[in-house]
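J.: One file is attached below, start-v7.txt, containing compact mmCIF, C-alpha atoms.
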# COMPACT_ATOMS: atom_id res chain seq x y z
CA MET A 66 111.49 75.29 97.83
CA ARG A 67 111.50 77.62 94.82
CA ILE A 68 109.23 77.57 91.77
CA ASN A 69 110.60 78.01 88.24
CA ALA A 70 107.84 78.80 85.78
CA ASP A 71 108.67 79.02 82.09
CA ALA A 72 106.10 81.26 80.36
CA ASP A 73 107.49 80.26 76.93
CA ARG A 74 106.73 76.59 77.50
CA CYS A 75 103.38 77.39 79.15
CA VAL A 76 100.28 76.52 77.07
CA GLY A 77 97.85 78.29 79.40
CA ALA A 78 95.94 75.16 80.42
CA GLY A 79 95.51 76.68 83.87
CA GLN A 80 96.06 73.41 85.77
CA CYS A 81 98.43 75.13 88.18
CA VAL A 82 95.80 77.76 89.01
CA LEU A 83 93.29 75.00 89.86
CA ALA A 84 95.80 72.95 91.85
CA ALA A 85 97.49 75.79 93.75
CA PRO A 86 95.51 79.04 93.46
CA ASP A 87 97.62 80.65 96.20
CA LEU A 88 100.83 80.09 94.26
CA PHE A 89 99.92 80.52 90.60
CA ASP A 90 97.91 82.83 88.39
CA GLN A 91 97.58 83.50 84.68
CA ASP A 92 98.84 86.79 83.23
CA ASP A 93 96.80 88.92 80.86
CA ASP A 94 98.32 86.86 78.07
CA GLY A 95 97.07 83.69 79.78
CA THR A 96 100.48 82.25 80.67
CA VAL A 97 101.75 81.26 84.10
CA THR A 98 102.86 83.71 86.75
CA VAL A 99 104.09 82.82 90.24
CA LEU A 100 102.32 84.73 93.04
CA THR A 101 104.49 83.61 95.92
CA GLU A 102 107.03 80.91 96.79
CA PRO A 103 105.57 77.83 98.50
CA GLY A 104 105.52 77.63 102.28
CA ALA A 105 105.07 74.60 104.51
CA ALA A 106 101.32 74.56 103.87
CA THR A 107 101.51 74.85 100.09
CA LYS A 108 104.43 72.54 99.19
CA ASP A 109 102.14 69.64 98.29
CA ALA A 110 99.99 71.89 96.13
CA ALA A 111 103.13 73.08 94.32
CA ARG A 112 104.15 69.45 93.61
CA GLU A 113 100.61 68.71 92.39
CA ALA A 114 100.83 71.68 90.00
CA VAL A 115 104.13 70.33 88.60
CA HIS A 116 102.58 66.89 88.13
CA LEU A 117 99.50 68.27 86.38
CA CYS A 118 101.15 70.84 84.09
CA PRO A 119 100.68 69.42 80.56
CA SER A 120 103.65 71.23 79.03
CA GLY A 121 106.33 70.77 81.69
CA ALA A 122 106.48 74.52 82.26
CA ILE A 123 106.85 74.33 86.05
CA THR A 124 109.77 72.88 87.99
CA LEU A 125 110.69 73.03 91.68
CA GLU A 126 114.04 73.65 93.26
CA ASP A 127 114.27 72.08 96.68
CA GLY A 128 115.60 74.17 99.47
CA MET B 293 111.45 45.12 74.01
CA ALA B 294 108.17 43.51 72.95
CA THR B 295 107.70 42.32 69.39
CA ALA B 296 104.88 43.62 67.23
CA ASP B 297 101.78 41.43 67.02
CA ALA B 298 101.30 40.11 63.52
CA ILE B 299 97.51 40.41 63.40
CA PRO B 300 95.91 43.71 64.43
CA ILE B 301 93.04 43.34 66.89
CA GLU B 302 89.61 44.75 66.17
CA PHE B 303 89.18 48.28 67.51
CA PRO B 304 87.66 47.92 71.01
CA ARG B 305 84.11 49.19 71.57
CA ARG B 306 82.07 49.78 74.69
CA GLN B 307 79.65 47.04 75.71
CA PRO B 308 76.06 47.99 74.87
CA GLY B 309 74.21 49.47 77.83
CA ARG B 310 77.37 50.02 79.89
CA LEU B 311 78.95 53.27 81.11
CA THR B 312 82.39 51.73 81.56
CA PRO B 313 85.15 51.76 78.90
CA PRO B 314 85.63 48.80 76.50
CA ALA B 315 86.30 45.60 78.47
CA GLU B 316 89.43 44.86 76.37
CA TYR B 317 91.32 47.84 77.83
CA ALA B 318 92.22 46.07 81.11
CA GLY B 319 93.96 43.25 79.23
CA LEU B 320 95.77 45.67 76.94
CA ARG B 321 97.08 47.67 79.92
CA SER B 322 98.52 44.61 81.64
CA GLN B 323 100.27 43.06 78.65
CA GLU B 324 103.82 43.81 77.65
CA GLY B 325 104.45 46.42 74.96
CA LEU B 326 101.61 47.74 72.78
CA VAL B 327 99.05 46.17 70.46
CA LYS B 328 98.18 47.02 66.87
CA SER B 329 94.58 47.57 65.88
CA SER B 330 92.60 48.29 62.71
CA LEU B 331 90.63 51.52 62.81
CA PRO B 332 87.13 51.96 61.35
CA GLY B 333 88.75 54.24 58.74
CA GLY B 334 90.98 51.39 57.54
CA SER B 335 94.40 52.34 58.94
CA THR B 336 96.41 50.20 61.37
CA VAL B 337 97.62 51.91 64.53
CA TRP B 338 99.28 51.25 67.88
CA LEU B 339 96.84 51.42 70.79
CA VAL B 340 98.23 53.02 73.95
CA THR B 341 96.31 52.26 77.15
CA ARG B 342 98.48 52.85 80.25
CA HIS B 343 98.17 56.27 81.93
CA GLU B 344 101.92 56.83 81.96
CA ASP B 345 102.31 55.79 78.31
CA VAL B 346 99.40 57.98 77.15
CA ARG B 347 101.04 60.97 78.81
CA SER B 348 104.35 60.06 77.11
CA VAL B 349 102.73 59.86 73.66
CA LEU B 350 101.05 63.23 74.13
CA THR B 351 104.27 65.00 75.15
CA ASP B 352 106.95 63.37 72.94
CA PRO B 353 108.28 65.79 70.29
CA ARG B 354 108.92 62.83 67.94
CA ILE B 355 105.16 62.24 67.78
CA SER B 356 103.04 64.54 65.60
CA SER B 357 99.43 65.77 65.41
CA ASN B 358 99.74 66.85 61.79
CA PRO B 359 97.62 64.74 59.40
CA LEU B 360 99.89 65.69 56.50
CA HIS B 361 102.45 63.17 57.81
CA GLU B 362 102.48 59.77 56.12
CA GLY B 363 100.77 57.16 58.29
CA PHE B 364 98.48 59.53 60.23
CA PRO B 365 95.45 57.55 61.51
CA SER B 366 92.04 57.92 59.90
CA MET B 367 88.94 57.37 62.01
CA GLY B 368 86.59 57.40 59.03
CA LYS B 369 84.26 60.15 57.88
CA ASN B 370 83.35 61.53 61.29
CA GLY B 371 86.79 61.52 62.83
CA THR B 372 88.93 62.95 60.08
CA VAL B 373 91.27 65.76 61.04
CA PRO B 374 91.41 68.33 58.23
CA PRO B 375 95.01 69.11 57.28
CA PRO B 376 96.23 72.68 57.91
CA ASP B 377 96.50 73.40 54.20
CA GLN B 378 92.74 72.79 53.84
CA VAL B 379 91.42 74.58 56.92
CA PRO B 380 93.90 77.25 58.06
CA GLY B 381 93.47 77.88 61.77
CA TRP B 382 92.39 74.31 62.59
CA PHE B 383 95.06 74.46 65.27
CA VAL B 384 94.84 70.93 66.68
CA ALA B 385 96.49 69.78 63.44
CA TYR B 386 99.65 71.85 63.96
CA ASP B 387 102.77 70.83 65.87
CA PRO B 388 105.04 73.16 67.84
CA PRO B 389 106.38 75.69 67.11
CA GLU B 390 103.60 76.63 64.57
CA HIS B 391 100.91 75.49 67.03
CA GLY B 392 102.13 78.03 69.59
CA ARG B 393 101.02 81.00 67.48
CA PHE B 394 97.36 79.88 67.67
CA ARG B 395 97.50 78.66 71.24
CA LYS B 396 99.05 81.92 72.50
CA ALA B 397 96.42 83.95 70.67
CA LEU B 398 93.60 81.96 72.27
CA ILE B 399 94.66 81.32 75.86
CA PRO B 400 93.79 84.81 77.18
CA GLU B 401 90.16 84.05 76.21
CA PHE B 402 90.04 80.77 78.19
CA THR B 403 91.83 81.52 81.45
CA VAL B 404 90.34 80.50 84.77
CA ARG B 405 89.50 84.19 85.40
CA ARG B 406 87.91 84.77 81.99
CA ILE B 407 85.65 81.75 82.40
CA LYS B 408 84.63 82.95 85.88
CA GLU B 409 83.48 86.17 84.20
CA MET B 410 81.26 84.07 81.93
CA GLN B 411 79.60 82.32 84.88
CA PRO B 412 76.53 84.63 85.09
CA ALA B 413 75.88 84.12 81.37
CA ILE B 414 76.19 80.33 81.74
CA GLN B 415 73.83 80.41 84.73
CA ARG B 416 71.28 82.45 82.76
CA ILE B 417 71.41 80.00 79.84
CA VAL B 418 70.98 76.97 82.14
CA ASP B 419 68.13 78.65 84.06
CA ARG B 420 66.20 79.53 80.90
CA LEU B 421 66.45 75.98 79.61
CA ILE B 422 65.20 74.60 82.93
CA ASP B 423 62.33 77.14 82.88
CA ALA B 424 61.34 75.69 79.52
CA LEU B 425 61.62 72.11 80.81
CA LEU B 426 59.34 72.89 83.76
CA ASP B 427 56.87 74.77 81.56
CA GLY B 428 56.71 71.76 79.22
CA GLY B 429 55.31 69.26 81.71
CA ASN B 430 56.91 66.52 83.82
CA SER B 431 59.06 64.63 81.31
CA ALA B 432 61.67 65.49 78.69
CA ASP B 433 64.52 64.31 76.51
CA LEU B 434 67.39 65.85 78.42
CA VAL B 435 69.80 65.55 75.47
CA ALA B 436 67.75 67.59 73.00
CA GLN B 437 66.19 69.95 75.54
CA PHE B 438 69.14 70.59 77.83
CA ALA B 439 72.52 68.90 77.29
CA LEU B 440 72.94 70.04 73.67
CA PRO B 441 71.47 73.57 73.91
CA VAL B 442 73.68 74.49 76.91
CA PRO B 443 77.01 74.35 75.02
CA SER B 444 75.38 75.61 71.87
CA LEU B 445 74.09 78.78 73.56
CA VAL B 446 77.34 79.22 75.51
CA ILE B 447 79.36 79.10 72.30
CA CYS B 448 77.07 81.73 70.73
CA GLU B 449 77.77 83.90 73.78
CA LEU B 450 81.51 83.26 73.60
CA LEU B 451 81.89 83.91 69.89
CA GLY B 452 79.56 86.91 69.97
CA VAL B 453 76.82 85.55 67.70
CA PRO B 454 73.96 88.08 67.88
CA TYR B 455 70.89 86.77 69.69
CA SER B 456 68.70 87.17 66.60
CA ASP B 457 70.95 84.69 64.74
CA HIS B 458 70.98 82.04 67.48
CA GLU B 459 68.39 79.84 65.84
CA TYR B 460 70.09 79.87 62.43
CA PHE B 461 73.47 79.25 63.98
CA GLU B 462 72.30 76.57 66.41
CA SER B 463 70.30 74.57 63.89
CA ARG B 464 73.29 74.29 61.51
CA THR B 465 75.62 73.46 64.36
CA ARG B 466 73.23 70.77 65.54
CA VAL B 467 73.28 69.10 62.12
CA LEU B 468 77.06 69.20 62.12
CA VAL B 469 77.50 67.62 65.53
CA THR B 470 74.60 65.14 65.37
CA PHE B 471 75.76 61.68 64.47
CA THR B 472 72.61 60.73 62.58
CA SER B 473 72.96 63.56 60.03
CA THR B 474 73.63 62.44 56.46
CA ASP B 475 76.81 63.44 54.63
CA GLU B 476 74.83 65.84 52.44
CA GLN B 477 73.17 67.51 55.45
CA ARG B 478 76.53 67.77 57.19
CA GLU B 479 78.27 69.24 54.15
CA SER B 480 75.61 71.87 53.53
CA ALA B 481 75.49 72.80 57.25
CA ALA B 482 79.29 73.22 57.28
CA LYS B 483 79.16 75.43 54.19
CA GLU B 484 76.39 77.58 55.66
CA LEU B 485 78.28 77.94 58.93
CA ILE B 486 81.52 78.94 57.21
CA THR B 487 79.60 81.49 55.12
CA TYR B 488 77.92 82.76 58.28
CA LEU B 489 81.19 82.93 60.23
CA THR B 490 82.91 84.76 57.36
CA LYS B 491 80.09 87.32 57.34
CA LEU B 492 80.15 87.61 61.13
CA ILE B 493 83.92 88.16 61.07
CA SER B 494 83.62 91.02 58.57
CA ILE B 495 80.94 92.65 60.77
CA LYS B 496 83.08 92.23 63.92
CA HIS B 497 85.94 93.77 61.98
CA LYS B 498 83.94 96.98 61.58
CA PHE B 499 82.03 96.85 64.87
CA PRO B 500 84.14 94.99 67.43
CA GLY B 501 82.49 93.78 70.65
CA ASN B 502 83.64 92.16 73.88
CA ASP B 503 83.75 88.67 72.37
CA LEU B 504 86.28 86.11 71.25
CA ILE B 505 86.10 86.79 67.51
CA SER B 506 86.59 90.53 68.05
CA GLY B 507 89.53 89.75 70.32
CA LEU B 508 91.17 87.47 67.76
CA LEU B 509 90.74 90.01 64.98
CA LYS B 510 92.86 92.47 66.95
CA ASN B 511 95.66 89.90 66.96
CA GLU B 512 97.98 90.79 64.10
CA THR B 513 99.52 87.31 63.95
CA LEU B 514 96.28 85.80 62.61
CA THR B 515 94.65 86.19 59.19
CA ALA B 516 90.86 86.59 58.88
CA GLN B 517 90.76 83.15 57.23
CA GLU B 518 92.57 81.63 60.21
CA VAL B 519 90.14 83.33 62.61
CA SER B 520 87.29 81.67 60.72
CA GLY B 521 89.01 78.24 60.95
CA ILE B 522 89.62 78.77 64.68
CA ALA B 523 85.98 79.76 65.24
CA LEU B 524 84.75 76.65 63.40
CA LEU B 525 87.06 74.40 65.43
CA LEU B 526 85.96 75.92 68.75
CA LEU B 527 82.37 75.52 67.70
CA ILE B 528 82.73 71.82 66.93
CA ALA B 529 85.21 70.92 69.66
CA GLY B 530 83.20 72.53 72.42
CA HIS B 531 79.84 71.23 71.47
CA GLU B 532 79.04 67.55 71.51
CA THR B 533 81.84 66.71 73.93
CA THR B 534 80.33 69.06 76.51
CA ALA B 535 76.78 67.89 75.74
CA ASN B 536 77.77 64.26 76.27
CA ASN B 537 79.50 65.09 79.54
CA ILE B 538 76.39 66.91 80.75
CA ALA B 539 73.96 64.14 79.74
CA LEU B 540 76.07 61.18 80.87
CA GLY B 541 77.11 63.00 84.04
CA VAL B 542 73.43 63.45 84.95
CA VAL B 543 73.02 59.67 84.48
CA MET B 544 76.02 59.02 86.76
CA LEU B 545 74.48 61.26 89.43
CA LEU B 546 71.05 59.63 89.08
CA LEU B 547 72.70 56.23 89.59
CA ASN B 548 74.83 57.55 92.48
CA ARG B 549 72.45 60.01 94.12
CA GLU B 550 74.62 60.38 97.22
CA TRP B 551 76.96 62.58 95.14
CA ILE B 552 74.25 64.99 93.93
CA GLY B 553 75.24 68.51 94.98
CA ASP B 554 78.95 67.69 95.34
CA PRO B 555 80.96 69.89 92.92
CA ARG B 556 83.72 67.25 92.77
CA ALA B 557 81.38 65.12 90.64
CA VAL B 558 82.48 67.22 87.64
CA GLU B 559 86.11 66.07 87.71
CA GLU B 560 85.18 62.48 88.44
CA ALA B 561 82.58 62.41 85.64
CA LEU B 562 85.24 63.72 83.24
CA ARG B 563 87.58 60.92 84.30
CA TYR B 564 85.06 58.13 84.56
CA LEU B 565 83.18 58.82 81.33
CA SER B 566 86.15 59.93 79.18
CA VAL B 567 83.77 60.73 76.33
CA ALA B 568 86.64 61.72 74.01
CA ASP B 569 88.44 58.40 74.53
CA ARG B 570 89.73 58.09 70.95
CA VAL B 571 89.88 61.68 69.80
CA ALA B 572 93.66 62.16 69.98
CA LEU B 573 95.26 60.77 66.83
CA ARG B 574 99.03 60.83 66.39
CA VAL B 575 101.82 59.60 64.12
CA ALA B 576 105.49 58.95 64.91
CA VAL B 577 107.80 61.10 62.79
CA GLU B 578 110.90 59.38 64.18
CA ASP B 579 111.41 55.95 65.75
CA VAL B 580 110.30 56.15 69.38
CA GLU B 581 109.88 53.67 72.23
CA ILE B 582 106.61 53.85 74.19
CA GLY B 583 105.70 51.38 76.93
CA GLY B 584 108.50 49.03 75.95
CA GLN B 585 107.41 49.01 72.31
CA LEU B 586 109.36 50.33 69.34
CA ILE B 587 107.10 52.52 67.21
CA LYS B 588 108.64 53.19 63.82
CA ALA B 589 108.55 56.53 62.01
CA GLY B 590 105.36 56.68 59.93
CA GLU B 591 103.28 54.45 62.22
CA GLY B 592 99.97 55.73 63.59
CA ILE B 593 99.23 55.90 67.32
CA VAL B 594 95.93 56.21 69.22
CA PRO B 595 96.41 57.09 72.91
CA LEU B 596 93.13 55.99 74.53
CA GLY B 597 91.97 58.46 77.18
CA ALA B 598 89.37 56.18 78.78
CA ALA B 599 91.93 53.38 79.09
CA ALA B 600 94.41 55.71 80.81
CA ASN B 601 91.69 57.11 83.05
CA HIS B 602 90.73 53.63 84.24
CA ASP B 603 94.33 52.51 84.86
CA GLU B 604 94.55 51.11 88.40
CA ASN B 605 98.15 52.31 88.60
CA ALA B 606 96.93 55.90 88.36
CA PHE B 607 93.47 55.62 90.00
CA GLU B 608 92.66 53.16 92.76
CA ARG B 609 89.36 51.29 92.24
CA ALA B 610 89.28 52.97 88.86
CA ASP B 611 85.96 51.47 87.78
CA GLN B 612 84.13 53.00 90.76
CA PHE B 613 82.51 56.42 90.40
CA ASP B 614 83.94 58.20 93.42
CA PRO B 615 84.00 62.02 93.31
CA GLY B 616 85.85 61.97 96.65
CA ARG B 617 89.04 60.69 94.99
CA PRO B 618 91.87 62.84 93.63
CA ALA B 619 91.10 62.74 89.89
CA ARG B 620 92.70 65.84 88.41
CA HIS B 621 95.53 63.92 86.75
CA HIS B 622 93.04 62.32 84.36
CA VAL B 623 93.67 62.80 80.66
CA ALA B 624 90.04 63.40 79.67
CA PHE B 625 91.20 66.77 78.26
CA GLY B 626 94.34 65.23 76.79
CA TYR B 627 97.85 66.18 77.86
CA GLY B 628 100.80 68.03 76.35
CA VAL B 629 100.59 71.26 74.35
CA HIS B 630 97.20 70.31 72.88
CA GLN B 631 95.47 69.81 76.24
CA CYS B 632 91.92 71.14 75.88
CA LEU B 633 91.92 74.90 75.66
CA GLY B 634 88.28 75.13 76.77
CA GLN B 635 88.56 72.87 79.80
CA HIS B 636 87.57 75.51 82.36
CA LEU B 637 84.55 76.41 80.26
CA VAL B 638 83.54 72.74 80.11
CA ARG B 639 83.91 72.44 83.90
CA ALA B 640 81.81 75.58 84.39
CA GLU B 641 79.07 74.30 82.07
CA MET B 642 78.99 70.82 83.65
CA GLY B 643 79.07 72.19 87.20
CA THR B 644 76.34 74.77 86.56
CA ALA B 645 74.19 72.24 84.71
CA TYR B 646 74.37 69.55 87.44
CA ARG B 647 73.93 71.93 90.36
CA THR B 648 71.03 73.89 88.89
CA LEU B 649 69.23 70.89 87.45
CA PHE B 650 69.12 68.99 90.76
CA GLU B 651 68.38 72.11 92.81
CA ARG B 652 65.42 73.08 90.67
CA ILE B 653 64.19 69.55 89.82
CA PRO B 654 65.12 67.46 92.87
CA THR B 655 62.73 64.64 91.91
CA LEU B 656 64.46 64.13 88.53
CA ARG B 657 64.74 60.45 87.56
CA LEU B 658 65.32 58.24 84.53
CA ALA B 659 62.19 57.37 82.55
CA VAL B 660 63.70 54.07 81.36
CA PRO B 661 65.93 51.47 83.07
CA PRO B 662 69.60 52.57 82.77
CA GLU B 663 70.59 49.60 80.56
CA GLU B 664 67.91 50.64 78.05
CA LEU B 665 69.34 54.13 77.55
CA PRO B 666 70.29 54.70 73.89
CA PHE B 667 74.05 55.00 74.30
CA LYS B 668 76.10 55.99 71.29
CA ASP B 669 79.55 54.66 70.67
CA GLU B 670 79.52 54.31 66.89
CA GLY B 671 81.39 57.52 66.18
CA ILE B 672 84.44 58.99 67.87
CA LEU B 673 82.61 60.25 70.97
CA PHE B 674 80.80 58.36 73.71
CA GLY B 675 77.38 59.80 74.45
CA LEU B 676 73.63 59.37 74.46
CA HIS B 677 71.21 59.73 71.58
CA GLU B 678 68.44 60.57 74.03
CA LEU B 679 68.04 60.86 77.78
CA PRO B 680 64.39 60.28 78.71
CA VAL B 681 63.74 61.70 82.17
CA THR B 682 60.72 62.46 84.29
CA TRP B 683 60.05 64.29 87.58
Just give me the structure of the file as structure tokens.
T.:
Amino acid sequence: MRINADADRCVGAGQCVLAAPDLFDQDDDGTVTVLTEPGAATKDAAREAVHLCPSGAITLEDG
Amino acid sequence: MATADAIPIEFPRRQPGRLTPPAEYAGLRSQEGLVKSSLPGGSTVWLVTRHEDVRSVLTDPRISSNPLHEGFPSMGKNGTVPPPDQVPGWFVAYDPPEHGRFRKALIPEFTVRRIKEMQPAIQRIVDRLIDALLDGGNSADLVAQFALPVPSLVICELLGVPYSDHEYFESRTRVLVTFTSTDEQRESAAKELITYLTKLISIKHKFPGNDLISGLLKNETLTAQEVSGIALLLLIAGHETTANNIALGVVMLLLNREWIGDPRAVEEALRYLSVADRVALRVAVEDVEIGGQLIKAGEGIVPLGAAANHDENAFERADQFDPGRPARHHVAFGYGVHQCLGQHLVRAEMGTAYRTLFERIPTLRLAVPPEELPFKDEGILFGLHELPVTW
């Protein structure tokens, strides 16, 4: 699984940081940054972050 | 596709003395298509009640937040959205891509990390207010003496209002966000606040500090007038909504004492109470289908947050207060590009308020039976006029 995060679409709501703090952070400008690709233990959290993101800025590529 | 109802229904209201959303919402969620309703401000709108449909409305680019569009809903005097040509910087009234300029300027100030840095200040504010409660005896009105001053003092801290001006600033803000204020009181308070903010902005220009206004002034994409509009919006948006969540959340915990001390009560209170149920107003700028209903360009839409947050298809046993449930997909903060900018601040204020209040006053209880609490549902927000408590 790979995370695609689009900082242009991001509105800085921070939902991904709450849902998956190991995978996501906010840059100095407040937009999304990916810390690491999801592993077995964090796949569900990654899906939760996608579901919660209000601006559709995060997508997952299976693999 | 469902056909439009000929006669708009009356705008649903909460039942007196109840903490649950209007009873009509369940029926509206289960019927085909959408229903038209007349708003207190006179306009006719489509009501959207299903969780999935509310999220669609709030993310569809054919649906606008800009009150300059023909057909934009009016909620009456207390729920009017000022158009961008009247209050520059009132960024909830802009659509993308213009909205992005304001949002991008503000998000660094409201990140999860930035709000964590504010935690000691929030704790200090909450502690001082509880000191005063305890010094004052063994009973209080928790709205006036706690729920309202918490966000008010936090906003002063955030915007960088000097401590010596707190009282001036707070008293005007209070008038502005208190439902019982007259139009004249409200208008003069707004004028005084704008004058004050304009003065404060010119001082911050010369002597910048580590606060939000100083930060925004460094941003070359914003004019000083826009910074003043932004500051006024943050002030109003972050005030009574937070106060109502604090006060009503304390009631929820007093009625469900087994959840006192559980930090998950914050998210569930946000979902369950949905105090900003009817705050999001929208208009279709092109024909669009939502929930099997054709909405024509120029028709107003009200996505109802409390209805979505009590949708059984999104939350099992939705009418039960259960902080143990997964609740984060609620739309209490809206959804889409306008989702509440200050949501982490609200969570921090609610969490700190609940935790500290019950730690320091464990015997806290209601001073009146719950059904006699003076709930308010006349305006656009759900809340309490007073919260009489004793300990």
J.: Quick one: which residues from chain B are at most 6 Å off chain A, using all atoms listed in the file, as a list in words?
T.: Ile399, Pro400, Thr403, His621, Tyr627, Gly628 and Val629 of chain B
J.: Compile the contact shell of A:Asp87 as a list in words: residues with an atom at most 12 Å away, counting all atoms listed in the file, same-chain residues fewer than 5 positions apart removed.
T.: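 Within the cut-off, the hits are Cys81, Val82, Thr98, Val99, Leu100, Thr101, Glu102, Pro103, Gly104, Ala106, Thr107, Lys108, Ala110, Ala111 and Ala114 of chain A.
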J.: For the selection you just gave me, I'd like the residues written to a file as a compact mmCIF listing (two decimals), in the frame of the given file, keeping C-alpha atoms.
T.:
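Just written: selection_27.txt:
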# COMPACT_ATOMS: atom_id res chain seq x y z
CA CYS A 81 98.43 75.13 88.18
CA VAL A 82 95.80 77.76 89.01
CA THR A 98 102.86 83.71 86.75
CA VAL A 99 104.09 82.82 90.24
CA LEU A 100 102.32 84.73 93.04
CA THR A 101 104.49 83.61 95.92
CA GLU A 102 107.03 80.91 96.79
CA PRO A 103 105.57 77.83 98.50
CA GLY A 104 105.52 77.63 102.28
CA ALA A 106 101.32 74.56 103.87
CA THR A 107 101.51 74.85 100.09
CA LYS A 108 104.43 72.54 99.19
CA ALA A 110 99.99 71.89 96.13
CA ALA A 111 103.13 73.08 94.32
CA ALA A 114 100.83 71.68 90.00
J.: Atom CA of B:His636 and atom CA of B:Glu651 are how many Å apart?
T.: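 Taking atom CA of B:His636 as the start and atom CA of B:Glu651 as the end point, the length is 22.1 Å.
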J.: If you measure from atom CA of B:Val379 to atom CA of B:Val340, what distance in Å do you get, rounded to one decimal?
T.: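 Separating atom CA of B:Val379 from atom CA of B:Val340 is a distance of 28.3 Å.
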J.: At what distance in Å, to one decimal, does atom CA of A:Asp71 lie from atom CA of B:Lys408?
T.: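 Between atom CA of B:Lys408 and atom CA of A:Asp71 the gap works out to 24.7 Å.
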J.: As AutoDock Vina command-line options, please: the centre and edge lengths in Å, to one decimal, of an axis-aligned box enclosing every listed atom of stretch 89-93 of chain A with 3 Å added on each side.
T.:
--center_x 98.4 --center_y 84.7 --center_z 85.7 --size_x 9.1 --size_y 14.4 --size_z 15.7
J.: So which one's closest to B:Tyr488, B:Phe461, B:Leu508, B:Gln378, B:Ser473? Using only C-alpha atoms, please.
T.: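 Between B:Phe461, B:Leu508, B:Gln378, B:Ser473, the residue approaching B:Tyr488 most closely is B:Phe461.
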J.: Pick out the residues sitting within 12 Å of B:Pro380, and hand them over as a CSV table (one decimal) with C-alpha atoms, in the frame of the given file; count only C-alpha atoms, and ignore anything fewer than 6 positions along from it in its own chain.
T.:
chain,number,residue,atom,x,y,z
B,374,PRO,CA,91.4,68.3,58.2
B,386,TYR,CA,99.6,71.8,64.0
B,390,GLU,CA,103.6,76.6,64.6
B,391,HIS,CA,100.9,75.5,67.0
B,394,PHE,CA,97.4,79.9,67.7
B,514,LEU,CA,96.3,85.8,62.6
B,515,THR,CA,94.6,86.2,59.2
B,516,ALA,CA,90.9,86.6,58.9
B,517,GLN,CA,90.8,83.2,57.2
B,518,GLU,CA,92.6,81.6,60.2
B,519,VAL,CA,90.1,83.3,62.6
B,520,SER,CA,87.3,81.7,60.7
B,521,GLY,CA,89.0,78.2,61.0
B,522,ILE,CA,89.6,78.8,64.7
B,523,ALA,CA,86.0,79.8,65.2
B,524,LEU,CA,84.8,76.6,63.4
B,525,LEU,CA,87.1,74.4,65.4
J.: At a cut-off of 7 Å, using all atoms listed in the file, what residues contact B:Ala598? Leave out same-chain residues fewer than 2 positions from it and give the result as a list in words.
T.: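 Within the cut-off, the hits are Pro313, Ser566, Asp569, Leu596, Ala600, Asn601 and His602 of chain B.
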J.: With a distance cut-off of 10 Å and all atoms listed in the file, select the neighbouring residues of stretch 545-549 of chain B, excluding the residue or stretch itself and same-chain residues fewer than 3 positions from it, and output the selection as a PyMOL selection string.
T.: chain B and resi 540-542+552-554+557+561+613-614+646+650+656-658+662
J.: Using only C-alpha atoms, can you tell me which of B:Glu449, B:Asp475, B:Asp603, B:Glu512 comes closest to B:Val346?
T.: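 Among the listed residues, B:Asp603 lies closest to B:Val346.
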J.: Could you tell me which of B:Ser480, B:Gly530, B:Gly592, B:Glu560 comes closest to B:Lys328 if we count all atoms listed in the file?
T.: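 The closest residue to B:Lys328 is B:Gly592.
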J.: Need the shell around B:Val580: protein/DNA/RNA residues with any atom at most 8 Å away, counting all atoms listed in the file. Skip same-chain ones fewer than 5 positions apart. Format as number ranges by chain?
T.: B: 354, 586-589
J.: The selected residues should be written to file as a compact mmCIF listing (two decimals), in the coordinates of the input (atoms: C-alpha atoms).
T.:
# COMPACT_ATOMS: atom_id res chain seq x y z
CA ARG B 354 108.92 62.83 67.94
CA LEU B 586 109.36 50.33 69.34
CA ILE B 587 107.10 52.52 67.21
CA LYS B 588 108.64 53.19 63.82
CA ALA B 589 108.55 56.53 62.01
J.: Give me stretch 112-126 of chain A from this structure - C-alpha atoms, as a PDB file, in the first residue's frame.
T.:
ATOM      1  CA  ARG A 112      -7.945   3.913   5.231  1.00  0.00           C
ATOM      2  CA  GLU A 113      -9.569   5.815   8.107  1.00  0.00           C
ATOM      3  CA  ALA A 114      -7.525   8.909   7.200  1.00  0.00           C
ATOM      4  CA  VAL A 115      -8.718   8.667   3.575  1.00  0.00           C
ATOM      5  CA  HIS A 116     -12.322   8.344   4.737  1.00  0.00           C
ATOM      6  CA  LEU A 117     -12.067  11.323   7.092  1.00  0.00           C
ATOM      7  CA  CYS A 118     -10.143  13.744   4.861  1.00  0.00           C
ATOM      8  CA  PRO A 119     -12.666  16.511   4.051  1.00  0.00           C
ATOM      9  CA  SER A 120     -11.006  17.595   0.805  1.00  0.00           C
ATOM     10  CA  GLY A 121     -10.172  14.264  -0.822  1.00  0.00           C
ATOM     11  CA  ALA A 122      -6.455  15.034  -0.627  1.00  0.00           C
ATOM     12  CA  ILE A 123      -5.371  11.501   0.311  1.00  0.00           C
ATOM     13  CA  THR A 124      -5.658   8.374  -1.832  1.00  0.00           C
ATOM     14  CA  LEU A 125      -4.197   4.890  -1.430  1.00  0.00           C
ATOM     15  CA  GLU A 126      -2.597   2.679  -4.019  1.00  0.00           C
TER      16      GLU A 126
END
